[in-house]
>>> print(open('target_29.txt').read())   # compact mmCIF, C-alpha atoms
# COMPACT_ATOMS: atom_id res chain seq x y z
CA MET A 1 125.30 123.45 105.30
CA SER A 2 127.12 120.82 107.38
CA ALA A 3 125.72 117.29 107.57
CA TYR A 4 125.29 117.74 111.33
CA LEU A 5 123.06 120.81 111.01
CA LEU A 6 121.22 119.19 108.12
CA ASP A 7 120.35 116.24 110.38
CA TRP A 8 118.84 118.58 112.98
CA LEU A 9 116.85 120.43 110.34
CA ASN A 10 115.71 117.08 108.98
CA LEU A 11 114.52 116.08 112.47
CA LEU A 12 112.55 119.31 112.93
CA VAL A 13 110.85 119.16 109.52
CA ARG A 14 110.10 115.45 109.88
CA PHE A 15 108.54 116.04 113.30
CA ILE A 16 106.31 118.81 111.91
CA HIS A 17 105.38 116.61 108.95
CA VAL A 18 104.35 113.67 111.14
CA ILE A 19 102.26 115.85 113.49
CA THR A 20 100.43 117.63 110.68
CA ALA A 21 99.86 114.33 108.84
CA ILE A 22 98.28 112.85 111.97
CA ALA A 23 96.00 115.89 112.21
CA TRP A 24 95.01 115.73 108.53
CA ILE A 25 94.43 111.99 108.26
CA GLY A 26 92.75 111.93 111.68
CA ALA A 27 90.33 114.64 110.59
CA SER A 28 89.72 112.78 107.32
CA PHE A 29 88.93 109.54 109.15
CA TYR A 30 86.64 111.35 111.57
CA PHE A 31 84.57 113.13 108.94
CA VAL A 32 84.25 110.02 106.79
CA TRP A 33 83.01 108.13 109.85
CA LEU A 34 80.71 111.02 110.77
CA ASP A 35 79.23 111.33 107.28
CA ASN A 36 78.62 107.58 107.06
CA SER A 37 77.17 107.36 110.58
CA LEU A 38 74.52 110.08 110.33
CA ALA A 39 71.03 108.86 111.12
CA GLU A 40 67.76 110.13 109.69
CA PRO A 41 66.69 113.07 111.87
CA PRO A 42 63.26 113.65 113.39
CA GLN A 43 60.73 115.65 111.39
CA GLU A 44 61.35 118.94 113.22
CA LYS A 45 64.99 118.81 112.16
CA LYS A 46 64.05 117.88 108.60
CA ASP A 47 61.89 120.97 108.48
CA LYS A 48 65.02 123.03 109.24
CA GLY A 49 66.86 121.48 106.28
CA ILE A 50 68.89 118.99 108.31
CA LYS A 51 69.83 115.86 106.35
CA GLY A 52 71.17 113.74 109.21
CA ASP A 53 72.24 113.93 112.82
CA LEU A 54 74.31 112.02 115.34
CA TRP A 55 74.73 111.93 119.09
CA ALA A 56 78.08 111.08 120.69
CA ILE A 57 79.79 111.13 124.06
CA HIS A 58 83.45 111.96 124.57
CA GLY A 59 85.58 113.52 127.26
CA GLY A 60 82.77 113.52 129.81
CA GLY A 61 80.22 115.34 127.66
CA PHE A 62 77.46 114.80 125.08
CA TYR A 63 77.72 116.08 121.51
CA GLU A 64 74.94 116.62 118.99
CA VAL A 65 76.09 116.86 115.39
CA ALA A 66 73.81 117.80 112.48
CA LYS A 67 74.46 118.01 108.75
CA TYR A 68 72.36 120.20 106.49
CA GLN A 69 71.10 119.06 103.11
CA LEU A 70 72.87 122.04 101.58
CA ALA A 71 73.27 124.96 104.00
CA PRO A 72 71.78 126.49 107.16
CA PRO A 73 69.24 129.33 106.91
CA GLU A 74 71.93 131.85 107.90
CA MET A 75 75.68 131.80 108.21
CA PRO A 76 77.05 131.25 111.74
CA LYS A 77 79.52 133.77 113.18
CA HIS A 78 82.26 131.19 113.69
CA LEU A 79 82.86 128.58 110.99
CA HIS A 80 85.86 126.25 111.18
CA TRP A 81 87.58 125.31 107.94
CA PHE A 82 89.56 122.08 107.75
CA LYS A 83 92.30 122.95 105.29
CA TRP A 84 95.53 123.90 107.04
CA GLU A 85 96.06 120.34 108.22
CA ALA A 86 96.35 119.25 104.58
CA TYR A 87 98.38 122.27 103.46
CA SER A 88 100.85 121.97 106.36
CA THR A 89 101.33 118.26 105.71
CA TRP A 90 102.18 118.84 102.06
CA LEU A 91 104.44 121.85 102.65
CA SER A 92 106.45 120.11 105.38
CA GLY A 93 106.59 116.90 103.35
CA PHE A 94 107.80 118.68 100.24
CA LEU A 95 110.46 120.50 102.27
CA LEU A 96 111.60 117.17 103.71
CA LEU A 97 111.68 115.66 100.22
CA SER A 98 113.81 118.59 99.03
CA LEU A 99 116.24 118.37 101.94
CA MET A 100 116.89 114.65 101.49
CA TYR A 101 116.17 113.64 97.92
CA PHE A 102 116.70 116.84 95.95
CA PHE A 103 119.68 118.44 97.72
CA GLY A 104 121.03 114.92 98.25
CA ALA A 105 120.09 113.69 94.78
CA THR A 106 123.36 111.87 94.14
CA THR A 107 122.95 109.99 97.42
CA TYR A 108 119.23 109.23 97.68
CA LEU A 109 117.51 109.91 94.35
CA ILE A 110 119.76 108.83 91.50
CA ASP A 111 120.78 105.23 90.87
CA PRO A 112 123.50 105.27 88.17
CA SER A 113 122.97 101.56 87.50
CA LYS A 114 119.49 102.47 86.13
CA VAL A 115 119.79 105.95 84.64
CA ALA A 116 122.84 108.16 85.24
CA PHE A 117 120.94 111.44 85.64
CA THR A 118 122.78 114.57 86.62
CA PRO A 119 121.34 115.98 89.89
CA LYS A 120 119.50 118.79 88.12
CA ILE A 121 117.96 116.51 85.50
CA GLY A 122 117.03 113.93 88.12
CA VAL A 123 115.24 116.53 90.26
CA ALA A 124 113.49 117.95 87.18
CA VAL A 125 112.20 114.49 86.20
CA ALA A 126 111.00 113.87 89.77
CA LEU A 127 109.14 117.20 89.86
CA ALA A 128 107.60 116.47 86.46
CA ALA A 129 106.32 113.14 87.78
CA ILE A 130 104.79 114.75 90.87
CA PHE A 131 103.02 117.68 89.25
CA GLY A 132 102.32 115.85 85.99
CA SER A 133 100.41 113.27 88.01
CA TRP A 134 98.14 115.99 89.37
CA LEU A 135 97.50 117.51 85.94
CA ILE A 136 96.53 114.14 84.44
CA TYR A 137 94.41 113.14 87.44
CA ASP A 138 92.60 116.49 87.62
CA ALA A 139 91.81 116.46 83.91
CA LEU A 140 90.37 112.94 84.16
CA CYS A 141 88.27 113.84 87.22
CA ARG A 142 86.55 116.59 85.24
CA THR A 143 85.22 114.15 82.67
CA ASN A 144 81.73 112.68 82.65
CA PHE A 145 83.36 109.23 82.85
CA ALA A 146 84.70 110.03 86.33
CA ARG A 147 81.30 111.23 87.54
CA THR A 148 79.23 108.36 86.17
CA GLN A 149 81.52 105.30 86.11
CA GLY A 150 82.94 105.20 89.61
CA LYS A 151 84.34 101.65 89.67
CA ALA A 152 85.76 101.80 86.15
CA PHE A 153 87.36 105.16 86.93
CA ALA A 154 88.91 103.72 90.09
CA ALA A 155 90.37 100.87 88.02
CA LEU A 156 91.82 103.42 85.59
CA LEU A 157 93.48 105.30 88.46
CA ILE A 158 95.05 102.08 89.74
CA VAL A 159 96.43 101.35 86.27
CA LEU A 160 97.93 104.85 86.16
CA ILE A 161 99.50 104.34 89.60
CA GLY A 162 100.99 101.09 88.26
CA LEU A 163 102.40 102.89 85.23
CA LEU A 164 103.90 105.60 87.44
CA SER A 165 105.40 102.99 89.76
CA PHE A 166 106.88 101.01 86.86
CA THR A 167 108.45 104.10 85.32
CA LEU A 168 109.92 105.56 88.51
CA ASN A 169 111.26 102.21 89.71
CA HIS A 170 113.18 101.84 86.45
CA ILE A 171 114.83 105.26 86.50
CA PHE A 172 115.38 106.11 90.20
CA SER A 173 116.58 104.28 93.28
CA GLY A 174 113.99 101.92 94.76
CA ARG A 175 113.34 103.87 97.93
CA ALA A 176 113.14 107.16 95.99
CA ALA A 177 110.67 105.64 93.53
CA TYR A 178 108.35 104.51 96.33
CA LEU A 179 108.52 107.90 98.00
CA LEU A 180 107.88 109.76 94.75
CA VAL A 181 104.77 107.69 94.06
CA GLY A 182 103.60 108.54 97.58
CA VAL A 183 104.34 112.24 97.07
CA SER A 184 102.48 112.17 93.74
CA ILE A 185 99.39 110.64 95.35
CA GLY A 186 99.69 113.02 98.31
CA THR A 187 99.96 116.00 95.96
CA CYS A 188 96.75 114.95 94.23
CA MET A 189 95.04 114.65 97.61
CA VAL A 190 96.21 118.07 98.87
CA PHE A 191 95.47 119.76 95.56
CA ASN A 192 91.99 118.23 95.74
CA VAL A 193 91.53 120.17 98.96
CA TRP A 194 93.11 123.36 97.60
CA ARG A 195 91.73 123.44 94.04
CA VAL A 196 88.34 121.70 94.35
CA ILE A 197 87.04 121.09 97.88
CA MET A 198 87.85 124.52 99.37
CA PRO A 199 86.54 126.46 96.33
CA ALA A 200 83.33 124.40 96.44
CA GLN A 201 82.88 125.19 100.12
CA THR A 202 83.62 128.87 99.46
CA LYS A 203 80.85 128.92 96.83
CA LEU A 204 78.51 127.29 99.32
CA VAL A 205 79.28 129.89 102.00
CA GLU A 206 78.83 132.76 99.53
CA ALA A 207 75.46 131.39 98.44
CA VAL A 208 74.23 131.25 102.03
CA ARG A 209 75.61 134.71 102.80
CA PHE A 210 73.79 136.30 99.84
CA ASN A 211 70.59 134.23 100.25
CA LYS A 212 71.14 132.31 97.02
CA THR A 213 70.43 128.67 96.32
CA PRO A 214 73.74 126.76 96.35
CA ASN A 215 74.71 125.01 93.14
CA PRO A 216 74.77 121.27 93.98
CA ALA A 217 77.43 120.66 91.27
CA TYR A 218 80.10 122.18 93.52
CA ALA A 219 79.18 119.89 96.39
CA GLN A 220 79.16 116.85 94.08
CA ALA A 221 82.64 117.65 92.75
CA ALA A 222 83.96 118.12 96.28
CA LYS A 223 82.36 114.86 97.37
CA LEU A 224 84.06 112.92 94.55
CA ARG A 225 87.49 114.29 95.45
CA SER A 226 86.88 113.64 99.16
CA LEU A 227 86.06 110.03 98.31
CA HIS A 228 89.33 109.68 96.41
CA ASN A 229 91.23 111.20 99.33
CA ASN A 230 89.53 108.76 101.67
CA TYR A 231 90.75 105.70 99.75
CA GLY A 232 94.22 107.21 99.37
CA THR A 233 94.93 107.58 103.09
CA LEU A 234 96.17 104.06 103.93
CA PRO A 235 98.27 103.65 100.76
CA ILE A 236 100.02 106.97 101.32
CA VAL A 237 100.85 106.10 104.93
CA PHE A 238 102.52 102.89 103.70
CA LEU A 239 104.47 104.72 101.00
CA MET A 240 105.74 107.31 103.48
CA LEU A 241 107.03 104.51 105.73
CA SER A 242 108.30 102.22 102.97
CA ASN A 243 111.94 103.32 103.13
CA HIS A 244 112.21 101.40 106.43
CA TYR A 245 111.34 98.12 104.69
CA PRO A 246 113.83 97.24 101.93
CA MET A 247 112.12 93.91 101.24
CA THR A 248 109.44 95.95 99.42
CA TYR A 249 111.49 98.34 97.28
CA GLY A 250 114.65 96.26 97.09
CA ASN A 251 113.54 93.36 94.90
CA ALA A 252 113.29 92.84 91.15
CA HIS A 253 109.50 93.37 91.11
CA ALA A 254 109.40 96.42 93.38
CA TRP A 255 106.99 98.35 91.15
CA LEU A 256 104.42 95.54 91.26
CA VAL A 257 104.82 95.10 95.01
CA LEU A 258 103.98 98.79 95.40
CA VAL A 259 100.80 98.44 93.35
CA ILE A 260 99.68 95.36 95.30
CA LEU A 261 100.23 97.04 98.67
CA VAL A 262 98.40 100.16 97.49
CA LEU A 263 95.47 97.97 96.44
CA LEU A 264 95.49 96.20 99.80
CA GLY A 265 95.41 99.56 101.59
CA MET A 266 92.39 100.63 99.55
CA TRP A 267 90.70 97.28 100.12
CA VAL A 268 91.08 97.52 103.90
CA ARG A 269 89.83 101.11 103.82
CA HIS A 270 86.77 99.86 101.93
CA PHE A 271 85.98 97.52 104.81
CA PHE A 272 85.88 100.42 107.26
CA ASN A 273 83.82 102.59 104.90
CA LEU A 274 81.19 99.85 104.71
CA ARG A 275 81.35 99.31 108.45
CA HIS A 276 80.51 102.99 109.04
CA HIS A 277 77.29 102.32 107.11
CA GLY A 278 76.51 99.35 109.36
CA LYS A 279 77.61 96.82 106.74
CA ILE A 280 80.18 94.50 108.27
CA HIS A 281 81.99 92.21 105.82
CA PRO A 282 84.79 90.33 107.62
CA PRO A 283 85.87 88.51 104.42
CA ILE A 284 87.19 91.84 103.08
CA LEU A 285 89.50 92.32 106.06
CA ILE A 286 90.45 88.63 106.23
CA SER A 287 91.24 88.46 102.52
CA GLY A 288 93.38 91.58 102.88
CA PHE A 289 95.51 89.98 105.59
CA ILE A 290 95.75 86.71 103.66
CA ALA A 291 96.94 88.58 100.57
CA PHE A 292 99.48 90.50 102.68
CA PHE A 293 101.05 87.36 104.12
CA ALA A 294 100.88 85.61 100.74
CA LEU A 295 102.88 88.49 99.27
CA ALA A 296 105.39 88.19 102.11
CA PHE A 297 105.75 84.47 101.39
CA ILE A 298 106.20 85.01 97.65
CA LEU A 299 108.89 87.64 98.25
CA LYS A 300 110.76 85.45 100.73
CA PRO A 301 114.44 85.50 99.73
CA HIS A 302 115.63 82.39 97.96
CA MET A 303 117.84 80.43 100.29
CA PRO A 304 120.33 78.26 98.40
CA GLU A 305 120.56 74.64 99.40
CA ALA A 306 123.18 73.89 101.97
CA PRO A 307 126.24 72.33 100.32
CA LYS A 308 126.41 68.61 100.64
CA PRO A 309 129.20 67.42 102.93
CA VAL A 310 132.29 66.46 100.98
CA LYS A 311 133.25 62.86 101.45
CA ARG A 312 136.76 62.79 102.75
CA VAL A 313 138.88 60.41 100.72
CA PRO A 314 142.03 59.20 102.47
CA ARG A 315 145.20 60.08 100.68
CA ILE A 316 148.19 57.84 101.19
CA SER A 317 151.39 59.75 101.65
CA THR A 318 154.75 58.16 101.84
CA PRO A 319 158.11 59.45 102.80
CA VAL A 320 160.35 60.38 99.95
CA SER A 321 163.45 58.21 99.87
CA GLU A 322 166.72 59.69 98.91
CA GLY A 323 167.62 59.02 95.29
CA LEU A 324 164.13 57.89 94.25
CA PRO A 325 161.74 59.77 91.99
CA LEU A 326 158.99 61.62 93.78
CA ASN A 327 156.35 59.28 92.40
CA THR A 328 158.16 56.11 93.45
CA THR A 329 157.18 54.14 96.53
CA PRO A 330 160.11 52.38 98.14
CA ALA A 331 159.72 48.72 98.88
CA SER A 332 160.46 49.26 102.54
CA SER A 333 157.87 52.01 102.97
CA ALA A 334 156.49 52.57 106.42
CA VAL A 335 152.86 52.06 107.37
CA PRO A 336 150.86 54.55 105.32
CA THR A 337 149.59 57.64 107.13
CA VAL A 338 146.15 59.11 106.41
CA THR A 339 145.72 62.84 105.93
CA ASN A 340 142.50 64.90 105.24
CA ALA A 341 141.91 67.06 102.20
CA VAL A 342 143.05 70.59 102.74
CA GLN A 343 140.18 72.84 103.96
CA ALA A 344 140.22 76.52 104.88
CA PRO A 345 139.92 76.89 108.62
CA SER A 346 136.76 78.55 109.91
CA GLY A 347 138.87 81.45 111.11
CA ASP A 348 139.54 82.38 107.47
CA ILE A 349 135.80 82.66 106.76
CA ASN A 350 135.36 84.96 109.73
CA ALA A 351 138.35 87.06 108.75
CA GLN A 352 137.14 87.44 105.16
CA ALA A 353 133.62 88.39 106.25
CA GLN A 354 134.88 90.90 108.78
CA SER A 355 137.18 92.44 106.20
CA ILE A 356 134.28 92.84 103.73
CA ILE A 357 132.00 94.37 106.35
CA LYS A 358 134.65 96.80 107.55
CA GLU A 359 135.49 97.89 104.02
CA ARG A 360 131.96 97.99 102.55
CA CYS A 361 129.64 98.62 105.52
CA ALA A 362 131.53 100.20 108.41
CA VAL A 363 132.23 103.28 106.29
CA CYS A 364 128.79 104.41 107.50
CA HIS A 365 127.93 101.90 110.23
CA SER A 366 130.63 102.84 112.68
CA LYS A 367 131.12 104.80 115.86
CA THR A 368 133.23 107.14 113.74
CA PRO A 369 131.87 107.02 110.14
CA THR A 370 134.16 108.15 107.33
CA ASP A 371 131.32 108.62 104.81
CA SER A 372 130.73 112.20 103.66
CA THR A 373 126.92 111.92 103.98
CA PHE A 374 126.39 109.96 107.20
CA THR A 375 128.10 111.55 110.19
CA THR A 376 126.47 109.13 112.64
CA ALA A 377 125.73 105.44 112.21
CA PRO A 378 122.35 105.03 110.42
CA MET A 379 119.69 103.53 112.69
CA GLY A 380 122.37 103.30 115.40
CA VAL A 381 123.81 100.15 113.76
CA MET A 382 127.56 99.90 114.32
CA LEU A 383 129.77 97.20 112.80
CA ASP A 384 133.17 98.01 114.26
CA ASN A 385 133.95 94.57 115.72
CA GLU A 386 133.01 90.90 115.45
CA ALA A 387 130.53 91.04 118.33
CA GLN A 388 128.60 93.86 116.69
CA MET A 389 128.65 92.09 113.33
CA LYS A 390 127.14 88.97 114.88
CA GLN A 391 124.61 91.09 116.77
CA TRP A 392 123.33 92.52 113.49
CA ALA A 393 123.81 89.34 111.42
CA ALA A 394 120.11 89.03 110.60
CA ARG A 395 119.99 92.62 109.30
CA ILE A 396 123.18 92.09 107.30
CA ARG A 397 121.61 89.05 105.64
CA ALA A 398 118.33 90.85 104.89
CA ASN A 399 119.89 94.03 103.49
CA ALA A 400 123.25 93.05 102.00
CA VAL A 401 122.72 89.43 100.95
CA ASP A 402 119.03 88.82 100.25
CA SER A 403 117.81 92.21 98.99
CA HIS A 404 121.07 93.98 97.94
CA THR A 405 119.72 97.30 99.30
CA MET A 406 122.90 97.77 101.30
CA PRO A 407 125.47 99.21 101.10
CA PHE A 408 123.33 102.26 100.47
CA MET A 409 123.20 102.80 96.70
CA ASN A 410 126.18 100.39 96.75
CA LYS A 411 128.41 103.41 97.28
CA THR A 412 131.30 101.21 98.44
CA GLY A 413 131.01 98.80 95.50
CA MET A 414 130.22 95.49 97.19
CA THR A 415 130.46 92.72 94.59
CA ASP A 416 128.20 89.70 94.15
CA ALA A 417 131.12 87.47 95.10
CA GLU A 418 131.50 89.35 98.38
CA ARG A 419 127.80 88.98 99.08
CA GLU A 420 128.13 85.23 98.62
CA GLN A 421 131.09 85.22 100.99
CA LEU A 422 128.92 86.98 103.54
CA ARG A 423 126.20 84.38 102.97
CA THR A 424 128.71 81.60 103.67
CA TRP A 425 129.82 83.34 106.85
CA LEU A 426 126.24 83.94 107.98
CA ASP A 427 125.33 80.31 107.32
CA SER A 428 128.32 79.10 109.30
CA THR A 429 127.47 81.47 112.15
CA THR A 430 123.87 80.25 112.21
CA ASN A 431 124.96 76.60 112.19
CA LYS A 432 127.25 77.20 115.15
CA GLN A 433 124.41 78.77 117.09
>>> encode(input="target_29.txt", output="structure tokens")
Amino acid sequence: MSAYLLDWLNLLVRFIHVITAIAWIGASFYFVWLDNSLAEPPQEKKDKGIKGDLWAIHGGGFYEVAKYQLAPPEMPKHLHWFKWEAYSTWLSGFLLLSLMYFFGATTYLIDPSKVAFTPKIGVAVALAAIFGSWLIYDALCRTNFARTQGKAFAALLIVLIGLLSFTLNHIFSGRAAYLLVGVSIGTCMVFNVWRVIMPAQTKLVEAVRFNKTPNPAYAQAAKLRSLHNNYGTLPIVFLMLSNHYPMTYGNAHAWLVLVILVLLGMWVRHFFNLRHHGKIHPPILISGFIAFFALAFILKPHMPEAPKPVKRVPRISTPVSEGLPLNTTPASSAVPTVTNAVQAPSGDINAQAQSIIKERCAVCHSKTPTDSTFTTAPMGVMLDNEAQMKQWAARIRANAVDSHTMPFMNKTGMTDAEREQLRTWLDSTTNKQ
């Protein structure tokens, strides 16, 4: 398949994935809010087995929503199941992962500077991480520890996410590691729906249909998995978007940054869960934002001190008299002339920087890329001339000098010395501005 057609297929699958993800997460947010906002019903509703109810207005009409303690007296003719939103999100996401990171393993997945996997081995390890995560998580959720020690079990899950992040960040490319952690969490969430929540709801429907008393254990298991899915929503959204932000996955402590941002997502989600119960705790939200900006400050790229100006020492030069040694000053020498120490003109710095960018970056970032993978300039960034290079100077500094995430997978072999030359050029350009 040509790279051009692959790009169009990528666009279609990505569009489907985003739409279905909005539907799934939106439904999740709504039902969590609904469940936490139910009020105690009047006695006549309690007598019908209703646990809680809620009135709402939307789109010019009133809505009355009621939740039964277990099930209604008889099964309604039309019952809507919320499952295809989750299934469609996972299927489209896994197809997108396959198109980019599995079929393009040598480009996106494998980082030879970490582990030189062959494409097949690299994909196999990635799949083992994804589905192995579900097997471990599911087995732990079935223990009495998960049912009775909620906070301790949550801490255990965070430790396991940290271990997964550490491992993947040390064997795959940074952006692939972040995405694989997100896919692993997303797989656990979708499989919760498929393997636990839907079967529990099926048992509930069957019990009502055959006039049996529903087993509350099924509902309790589904509730636990729904709670986990609820706290996983914000972290997974971040992980799916992380490849746009190299300052997260492109530093030496990328695995820890991932864990911290996942924790912050869960912490902020906790604020909204409490708020749905009428418990408003602003310090939770405030502390989350403070921690976010503190992390940004800690990860700020180290900017080397500007070189101190070199004191220019006059050098006395004298004309060389015929017949005298070169180091001899004739008695009748003329008035000494003062010359400055030799310095490379600024034009040389510009020329060197432009040469590096054209050789290392413009292979992809060009109106006519020569790279075999990228047939159009990524993100529309073109570096064909000096004006364009200066236009994108801030991005060049962030990606090629501070974080070393560009060139992509360092396919063109940019050296540390070249990065420092770019830093010098960028500093000189900033000073001139």
>>> atom_distance(input="target_29.txt", atom1="atom CA of Leu234 of chain A", atom2="atom CA of Leu261 of chain A")
9.7 Å
>>> closest_residue(input="target_29.txt", among="A:Leu99, A:Leu295, A:Val208, A:Leu263", to="Pro72 of chain A", atoms="only C-alpha atoms")
A:Val208
>>> atom_distance(input="target_29.txt", atom1="atom CA of Tyr178 of chain A", atom2="atom CA of Asp416 of chain A")
24.9 Å
>>> residues_around(input="target_29.txt", residues="Arg419 of chain A", least_positions_apart="4", cutoff="8 Å", atoms="only C-alpha atoms", output="ChimeraX atom specification")
/A:400-401,414-415,423
>>> residues_around(input="target_29.txt", residues="segment 127-144 of chain A", least_positions_apart="3", cutoff="10 Å", atoms="all atoms listed in the file", output="count of residues only")
34
>>> residues_near_point(input="target_29.txt", point="(104.1, 113.5, 112.0)", cutoff="12 Å", atoms="only C-alpha atoms", output="list in words")
Leu11, Leu12, Val13, Arg14, Phe15, Ile16, His17, Val18, Ile19, Thr20, Ala21, Ile22, Ala23, Trp24, Ile25, Gly26, Glu85, Ser88, Thr89, Trp90, Ser92, Gly93, Leu96, Val237, Met240 and Leu241 of chain A
>>> write_last_selection(input="target_29.txt", atoms="C-alpha atoms", output="PDB file, in the coordinates of the input")
ATOM      1  CA  LEU A  11     114.520 116.080 112.470  1.00  0.00           C
ATOM      2  CA  LEU A  12     112.550 119.310 112.930  1.00  0.00           C
ATOM      3  CA  VAL A  13     110.850 119.160 109.520  1.00  0.00           C
ATOM      4  CA  ARG A  14     110.100 115.450 109.880  1.00  0.00           C
ATOM      5  CA  PHE A  15     108.540 116.040 113.300  1.00  0.00           C
ATOM      6  CA  ILE A  16     106.310 118.810 111.910  1.00  0.00           C
ATOM      7  CA  HIS A  17     105.380 116.610 108.950  1.00  0.00           C
ATOM      8  CA  VAL A  18     104.350 113.670 111.140  1.00  0.00           C
ATOM      9  CA  ILE A  19     102.260 115.850 113.490  1.00  0.00           C
ATOM     10  CA  THR A  20     100.430 117.630 110.680  1.00  0.00           C
ATOM     11  CA  ALA A  21      99.860 114.330 108.840  1.00  0.00           C
ATOM     12  CA  ILE A  22      98.280 112.850 111.970  1.00  0.00           C
ATOM     13  CA  ALA A  23      96.000 115.890 112.210  1.00  0.00           C
ATOM     14  CA  TRP A  24      95.010 115.730 108.530  1.00  0.00           C
ATOM     15  CA  ILE A  25      94.430 111.990 108.260  1.00  0.00           C
ATOM     16  CA  GLY A  26      92.750 111.930 111.680  1.00  0.00           C
ATOM     17  CA  GLU A  85      96.060 120.340 108.220  1.00  0.00           C
ATOM     18  CA  SER A  88     100.850 121.970 106.360  1.00  0.00           C
ATOM     19  CA  THR A  89     101.330 118.260 105.710  1.00  0.00           C
ATOM     20  CA  TRP A  90     102.180 118.840 102.060  1.00  0.00           C
ATOM     21  CA  SER A  92     106.450 120.110 105.380  1.00  0.00           C
ATOM     22  CA  GLY A  93     106.590 116.900 103.350  1.00  0.00           C
ATOM     23  CA  LEU A  96     111.600 117.170 103.710  1.00  0.00           C
ATOM     24  CA  VAL A 237     100.850 106.100 104.930  1.00  0.00           C
ATOM     25  CA  MET A 240     105.740 107.310 103.480  1.00  0.00           C
ATOM     26  CA  LEU A 241     107.030 104.510 105.730  1.00  0.00           C
TER      27      LEU A 241
END
>>> closest_residue(input="target_29.txt", among="A:Ser28, A:Thr424, A:Thr202, A:Thr429", to="Gln391 of chain A", atoms="only C-alpha atoms")
A:Thr429
>>> closest_residue(input="target_29.txt", among="A:Asn10, A:Thr213, A:Gln388, A:Ser355", to="Met100 of chain A", atoms="all atoms listed in the file")
A:Asn10
>>> atom_distance(input="target_29.txt", atom1="atom CA of Ile357 of chain A", atom2="atom CA of Asp384 of chain A")
8.8 Å
>>> residues_near_point(input="target_29.txt", point="(76.5, 137.4, 107.4)", cutoff="9 Å", atoms="only C-alpha atoms", output="JSON, numbers by chain")
{"A": [74, 75, 76, 77, 208, 209, 210]}
